[in-house]
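A.B. asks: Would you mind keeping the following structure in view while I ask a few things?
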Amino acid sequence: MDTARPLDLTEIPDSLAERAAMMESILIESATGGSNGTKYYEYLRREFMRSENTRHLLPDFVRTHRTLGAFWPYIRDAAGSYADRRMIITNAFTPLIDYLEGRDLAPMDSVASDSLRSFDSEGVHEVWEKALSRRKTDPEGAITIARTLLETVLKRILDETGTEHSDTADLPKLYRMAAEELNLSPTQHSAEAIKMILGGATTVVNGLGTLRNRLSDSHGRSEKIPVRPAERHAKLAVNMAGTMASFLVETHLDRQKS
């Protein structure tokens, strides 16, 4: 039986990626001869379980087993050799660590993150982080959250500009209202190039609504539409939503300064 050493919070790394790696190492030790880090495992598990952005990326056996003692029978029965147990644990931690280390981030991700954090670090930015974290592991959920991100930004802008809107208004209508307030409607400009760009932005927003309705988990699927979203669909939706949300936020903040 493992003898747990007292928890010393100074031994817990500051970086989330390092914390995930620490938890992985503790589980590998437990699976290959025993570990006295059960209190550290329980502490780290609680921290990752508290965040919606990381909870679903945790290995199933971490979400299920609260202690190393509960984990041991699982890994003992899952594989007989130490090498196979290490492989199981390492592979299961890869999605979480890849996400925390930024390996799945697209070039636009950090730009959008900065814009959305400056707009609302506790609300809008949290939705963006959730969308980013689910592109690979939960494409359907990521597509739904991508639309939620745009809806949240648009409603926030409309509220801050004092524009009345219905909570049940659909995404295209919210965008039209916000575009009018921000001087982003194609009809508000005469230069053909600007009209084309802004018309393209409208098309992107309408396309996000269509993609969500066709592929996301927000509506029941007809048997005639058997398409399930892949990772590439989720990346497309999230990246487009992030680009549009950042553009709207930056335009709104610039107008507030003038």
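Chain lettering (A, B, ...) mirrors the order of the structure tokens, residue numbering begins at 1 for each chain separately, and ligand numbering begins at 1 in order of display.
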Compile the contact shell of Ser25 in chain A as a PDB file with N, CA, C and O atoms, in the first residue's frame: residues with an atom at most 10 Å away, counting only C-alpha atoms, same-chain residues fewer than 3 positions apart removed.
C.D. replies:
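What follows is the written file selection25.pdb:
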ATOM      1  N   ARG A  19       1.829  20.931 -14.431  1.00  0.00           N
ATOM      2  CA  ARG A  19       0.972  20.244 -13.462  1.00  0.00           C
ATOM      3  C   ARG A  19       0.390  18.973 -14.064  1.00  0.00           C
ATOM      4  O   ARG A  19       0.304  17.939 -13.396  1.00  0.00           O
ATOM      5  N   ALA A  20      -0.022  19.063 -15.332  1.00  0.00           N
ATOM      6  CA  ALA A  20      -0.548  17.874 -16.006  1.00  0.00           C
ATOM      7  C   ALA A  20       0.536  16.811 -16.126  1.00  0.00           C
ATOM      8  O   ALA A  20       0.279  15.615 -15.909  1.00  0.00           O
ATOM      9  N   ALA A  21       1.744  17.225 -16.461  1.00  0.00           N
ATOM     10  CA  ALA A  21       2.859  16.280 -16.571  1.00  0.00           C
ATOM     11  C   ALA A  21       3.177  15.657 -15.216  1.00  0.00           C
ATOM     12  O   ALA A  21       3.527  14.469 -15.126  1.00  0.00           O
ATOM     13  N   MET A  22       3.041  16.437 -14.148  1.00  0.00           N
ATOM     14  CA  MET A  22       3.285  15.917 -12.801  1.00  0.00           C
ATOM     15  C   MET A  22       2.259  14.835 -12.457  1.00  0.00           C
ATOM     16  O   MET A  22       2.602  13.782 -11.914  1.00  0.00           O
ATOM     17  N   ILE A  28       2.007   7.131 -13.523  1.00  0.00           N
ATOM     18  CA  ILE A  28       2.946   6.140 -14.055  1.00  0.00           C
ATOM     19  C   ILE A  28       3.691   5.459 -12.910  1.00  0.00           C
ATOM     20  O   ILE A  28       3.876   4.232 -12.899  1.00  0.00           O
ATOM     21  N   GLU A  29       4.112   6.239 -11.919  1.00  0.00           N
ATOM     22  CA  GLU A  29       4.773   5.651 -10.755  1.00  0.00           C
ATOM     23  C   GLU A  29       3.844   4.671 -10.049  1.00  0.00           C
ATOM     24  O   GLU A  29       4.251   3.579  -9.647  1.00  0.00           O
ATOM     25  N   SER A  30       2.590   5.063  -9.911  1.00  0.00           N
ATOM     26  CA  SER A  30       1.622   4.195  -9.242  1.00  0.00           C
ATOM     27  C   SER A  30       1.408   2.904 -10.021  1.00  0.00           C
ATOM     28  O   SER A  30       1.206   1.838  -9.417  1.00  0.00           O
ATOM     29  N   ALA A  31       1.463   2.986 -11.339  1.00  0.00           N
ATOM     30  CA  ALA A  31       1.201   1.822 -12.189  1.00  0.00           C
ATOM     31  C   ALA A  31       2.418   0.927 -12.367  1.00  0.00           C
ATOM     32  O   ALA A  31       2.288  -0.187 -12.874  1.00  0.00           O
ATOM     33  N   SER A  35       3.471   4.563  -5.682  1.00  0.00           N
ATOM     34  CA  SER A  35       3.778   5.974  -5.541  1.00  0.00           C
ATOM     35  C   SER A  35       3.284   6.465  -4.200  1.00  0.00           C
ATOM     36  O   SER A  35       2.261   6.001  -3.689  1.00  0.00           O
ATOM     37  N   GLY A  37       2.601   9.660  -3.905  1.00  0.00           N
ATOM     38  CA  GLY A  37       2.104  10.990  -4.264  1.00  0.00           C
ATOM     39  C   GLY A  37       0.603  11.094  -4.352  1.00  0.00           C
ATOM     40  O   GLY A  37       0.070  11.933  -5.086  1.00  0.00           O
ATOM     41  N   TYR A  41      -1.744  13.818  -6.345  1.00  0.00           N
ATOM     42  CA  TYR A  41      -2.668  13.422  -7.406  1.00  0.00           C
ATOM     43  C   TYR A  41      -4.065  13.949  -7.126  1.00  0.00           C
ATOM     44  O   TYR A  41      -4.714  14.528  -8.010  1.00  0.00           O
ATOM     45  N   ARG A  86       2.593   2.299 -19.028  1.00  0.00           N
ATOM     46  CA  ARG A  86       3.111   3.640 -19.334  1.00  0.00           C
ATOM     47  C   ARG A  86       2.490   4.168 -20.626  1.00  0.00           C
ATOM     48  O   ARG A  86       2.130   5.342 -20.723  1.00  0.00           O
ATOM     49  N   ILE A  89      -1.160   5.356 -20.133  1.00  0.00           N
ATOM     50  CA  ILE A  89      -1.248   6.622 -19.400  1.00  0.00           C
ATOM     51  C   ILE A  89      -0.752   7.785 -20.255  1.00  0.00           C
ATOM     52  O   ILE A  89      -1.407   8.837 -20.343  1.00  0.00           O
ATOM     53  N   THR A  90       0.391   7.598 -20.913  1.00  0.00           N
ATOM     54  CA  THR A  90       0.952   8.668 -21.737  1.00  0.00           C
ATOM     55  C   THR A  90       0.019   9.042 -22.876  1.00  0.00           C
ATOM     56  O   THR A  90      -0.220  10.240 -23.137  1.00  0.00           O
TER      57      THR A  90
END
A.B. asks: Could you check the closest approach to Gly207 in chain A for each of A:Leu236, A:Leu16, A:Leu44, A:Leu9 and tell me which residue wins, using only C-alpha atoms?
C.D. replies: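 Among A:Leu236, A:Leu16, A:Leu44, A:Leu9, it is A:Leu236 that comes nearest to Gly207 in chain A.
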A.B. asks: Return as JSON, numbers by chain the full set of residues in range 1-239 of chain A whose backbone-based DSSP assignment is alpha helix (DSSP H).
C.D. replies: {"A": [16, 17, 18, 19, 20, 21, 22, 23, 24, 25, 26, 27, 28, 29, 30, 31, 38, 39, 40, 41, 42, 43, 44, 45, 46, 47, 48, 49, 50, 52, 53, 54, 55, 60, 61, 62, 63, 64, 68, 69, 70, 71, 72, 73, 74, 75, 76, 77, 78, 82, 83, 84, 85, 86, 87, 88, 89, 90, 91, 92, 93, 94, 95, 96, 97, 98, 99, 100, 101, 107, 108, 109, 110, 111, 112, 113, 114, 115, 116, 117, 118, 119, 120, 124, 125, 126, 127, 128, 129, 130, 131, 132, 133, 134, 139, 140, 141, 142, 143, 144, 145, 146, 147, 148, 149, 150, 151, 152, 153, 154, 155, 156, 157, 158, 159, 160, 171, 172, 173, 174, 175, 176, 177, 178, 179, 180, 181, 192, 193, 194, 195, 196, 197, 198, 199, 200, 201, 202, 203, 204, 205, 206, 207, 208, 209, 210, 211, 212, 213, 214, 215, 231, 232, 233, 234, 235, 236, 237, 238, 239]}
A.B. asks: Put those residues in a file: C-alpha atoms, as a compact mmCIF listing (two decimals), in the first residue's frame.
C.D. replies:
# COMPACT_ATOMS: atom_id res chain seq x y z
CA LEU A 16 -0.76 24.03 -16.05
CA ALA A 17 1.20 21.97 -18.57
CA GLU A 18 3.76 21.10 -15.89
CA ARG A 19 0.97 20.24 -13.46
CA ALA A 20 -0.55 17.87 -16.01
CA ALA A 21 2.86 16.28 -16.57
CA MET A 22 3.28 15.92 -12.80
CA MET A 23 -0.05 14.13 -12.51
CA GLU A 24 0.90 11.87 -15.43
CA SER A 25 4.20 11.00 -13.70
CA ILE A 26 2.45 10.20 -10.43
CA LEU A 27 0.08 7.83 -12.21
CA ILE A 28 2.95 6.14 -14.06
CA GLU A 29 4.77 5.65 -10.75
CA SER A 30 1.62 4.19 -9.24
CA ALA A 31 1.20 1.82 -12.19
CA THR A 38 -1.57 10.27 -3.71
CA LYS A 39 -2.23 13.64 -2.01
CA TYR A 40 -0.59 15.43 -4.94
CA TYR A 41 -2.67 13.42 -7.41
CA GLU A 42 -5.88 14.23 -5.57
CA TYR A 43 -5.00 17.93 -5.39
CA LEU A 44 -4.10 18.16 -9.10
CA ARG A 45 -7.14 16.16 -10.15
CA ARG A 46 -9.44 18.53 -8.26
CA GLU A 47 -7.82 21.55 -9.89
CA PHE A 48 -8.26 20.20 -13.43
CA MET A 49 -11.78 18.93 -12.72
CA ARG A 50 -12.88 22.41 -11.60
CA GLU A 52 -14.60 23.31 -17.88
CA ASN A 53 -11.73 23.95 -20.27
CA THR A 54 -9.67 21.02 -18.96
CA ARG A 55 -12.15 18.63 -17.37
CA ASP A 60 -11.37 8.92 -18.47
CA PHE A 61 -9.56 7.02 -15.72
CA VAL A 62 -8.64 10.30 -14.00
CA ARG A 63 -12.21 11.55 -14.07
CA THR A 64 -13.41 8.20 -12.73
CA LEU A 68 -4.39 6.27 -6.61
CA GLY A 69 -5.83 3.40 -4.63
CA ALA A 70 -8.93 3.43 -6.83
CA PHE A 71 -6.80 3.78 -9.97
CA TRP A 72 -4.57 0.78 -9.22
CA PRO A 73 -7.11 -2.03 -9.94
CA TYR A 74 -8.00 -0.34 -13.22
CA ILE A 75 -4.46 -0.11 -14.56
CA ARG A 76 -3.52 -3.54 -13.15
CA ASP A 77 -6.29 -5.17 -15.14
CA ALA A 78 -5.79 -2.97 -18.23
CA TYR A 82 4.97 -1.79 -17.05
CA ALA A 83 5.67 -0.69 -20.62
CA ASP A 84 2.04 -1.17 -21.67
CA ARG A 85 0.80 0.70 -18.60
CA ARG A 86 3.11 3.64 -19.33
CA MET A 87 1.83 3.70 -22.91
CA ILE A 88 -1.81 3.74 -21.81
CA ILE A 89 -1.25 6.62 -19.40
CA THR A 90 0.95 8.67 -21.74
CA ASN A 91 -1.44 8.34 -24.68
CA ALA A 92 -4.40 9.29 -22.49
CA PHE A 93 -2.67 12.47 -21.28
CA THR A 94 -1.62 13.61 -24.76
CA PRO A 95 -4.78 15.67 -25.60
CA LEU A 96 -4.60 17.60 -22.31
CA ILE A 97 -0.87 18.30 -22.47
CA ASP A 98 -0.99 19.19 -26.19
CA TYR A 99 -3.74 21.70 -25.45
CA LEU A 100 -1.93 23.20 -22.48
CA GLU A 101 1.34 23.47 -24.40
CA PRO A 107 -1.96 31.47 -35.67
CA MET A 108 -5.23 33.35 -35.08
CA ASP A 109 -5.77 31.84 -31.64
CA SER A 110 -3.41 34.08 -29.69
CA VAL A 111 -4.55 37.22 -31.54
CA ALA A 112 -8.18 36.49 -30.78
CA SER A 113 -7.32 35.59 -27.20
CA ASP A 114 -5.71 38.99 -26.61
CA SER A 115 -8.64 40.88 -28.12
CA LEU A 116 -11.31 38.94 -26.28
CA ARG A 117 -9.44 39.03 -22.97
CA SER A 118 -9.26 42.82 -23.18
CA PHE A 119 -12.99 42.95 -23.86
CA ASP A 120 -14.19 40.64 -21.11
CA VAL A 124 -16.33 36.34 -23.54
CA HIS A 125 -12.75 35.15 -23.18
CA GLU A 126 -13.87 32.15 -21.14
CA VAL A 127 -16.21 31.11 -23.96
CA TRP A 128 -13.34 31.46 -26.45
CA GLU A 129 -11.04 29.29 -24.34
CA LYS A 130 -13.75 26.66 -24.11
CA ALA A 131 -14.17 26.64 -27.90
CA LEU A 132 -10.42 26.28 -28.42
CA SER A 133 -10.14 23.38 -26.03
CA ARG A 134 -12.85 21.33 -27.74
CA PRO A 139 -16.05 18.94 -32.67
CA GLU A 140 -19.82 19.17 -32.21
CA GLY A 141 -19.50 21.01 -28.93
CA ALA A 142 -16.83 23.31 -30.37
CA ILE A 143 -19.12 24.35 -33.23
CA THR A 144 -21.93 25.11 -30.80
CA ILE A 145 -19.59 27.16 -28.61
CA ALA A 146 -18.25 29.03 -31.67
CA ARG A 147 -21.70 30.41 -32.32
CA THR A 148 -22.21 31.11 -28.62
CA LEU A 149 -19.01 33.16 -28.72
CA LEU A 150 -20.28 35.37 -31.53
CA GLU A 151 -23.72 35.71 -29.94
CA THR A 152 -22.12 36.71 -26.64
CA VAL A 153 -19.90 39.34 -28.27
CA LEU A 154 -22.75 40.78 -30.35
CA LYS A 155 -25.14 41.02 -27.41
CA ARG A 156 -22.47 42.62 -25.26
CA ILE A 157 -21.76 45.23 -27.94
CA LEU A 158 -25.45 45.94 -28.39
CA ASP A 159 -25.87 46.34 -24.64
CA GLU A 160 -22.92 48.71 -24.38
CA LEU A 171 -27.25 35.32 -35.10
CA PRO A 172 -27.71 37.04 -38.50
CA LYS A 173 -30.15 39.55 -36.99
CA LEU A 174 -27.84 40.30 -34.06
CA TYR A 175 -24.99 40.84 -36.48
CA ARG A 176 -27.03 43.18 -38.70
CA MET A 177 -27.95 45.30 -35.68
CA ALA A 178 -24.37 45.44 -34.40
CA ALA A 179 -22.99 46.13 -37.87
CA GLU A 180 -25.28 49.15 -38.18
CA GLU A 181 -24.10 50.48 -34.82
CA GLU A 192 -16.59 48.83 -53.66
CA ALA A 193 -13.65 47.11 -51.98
CA ILE A 194 -14.94 47.93 -48.48
CA LYS A 195 -18.44 46.81 -49.43
CA MET A 196 -17.05 43.48 -50.64
CA ILE A 197 -15.06 42.91 -47.44
CA LEU A 198 -17.98 43.76 -45.19
CA GLY A 199 -20.31 41.68 -47.34
CA GLY A 200 -17.90 38.78 -46.86
CA ALA A 201 -18.07 39.29 -43.11
CA THR A 202 -21.84 38.99 -43.26
CA THR A 203 -21.48 35.79 -45.27
CA VAL A 204 -19.11 34.37 -42.66
CA VAL A 205 -21.61 35.02 -39.87
CA ASN A 206 -24.47 33.48 -41.86
CA GLY A 207 -22.23 30.55 -42.73
CA LEU A 208 -21.47 29.91 -39.08
CA GLY A 209 -25.16 29.70 -38.36
CA THR A 210 -25.65 27.23 -41.21
CA LEU A 211 -22.65 25.13 -40.20
CA ARG A 212 -23.90 24.94 -36.65
CA ASN A 213 -27.41 23.95 -37.72
CA ARG A 214 -26.13 21.26 -40.08
CA LEU A 215 -23.26 19.78 -38.12
CA GLU A 231 -11.99 18.17 -36.37
CA ARG A 232 -11.46 20.26 -39.52
CA HIS A 233 -15.08 21.48 -39.39
CA ALA A 234 -14.65 22.50 -35.76
CA LYS A 235 -11.40 24.32 -36.51
CA LEU A 236 -13.09 26.17 -39.38
CA ALA A 237 -16.03 27.23 -37.21
CA VAL A 238 -13.96 28.25 -34.20
CA ASN A 239 -11.34 30.10 -36.25
A.B. asks: Quick one: of A:Val249, A:Ala230, A:Leu182, A:Met244, who's nearest to Lys136 in chain A, counting only C-alpha atoms?
C.D. replies: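 Closest candidate: A:Ala230.
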A.B. asks: I need the residue nearest Leu184 in chain A from this list: A:Ser81, A:Thr251, A:Thr67, A:Thr161. Use only C-alpha atoms for the distance.
C.D. replies: A:Thr251
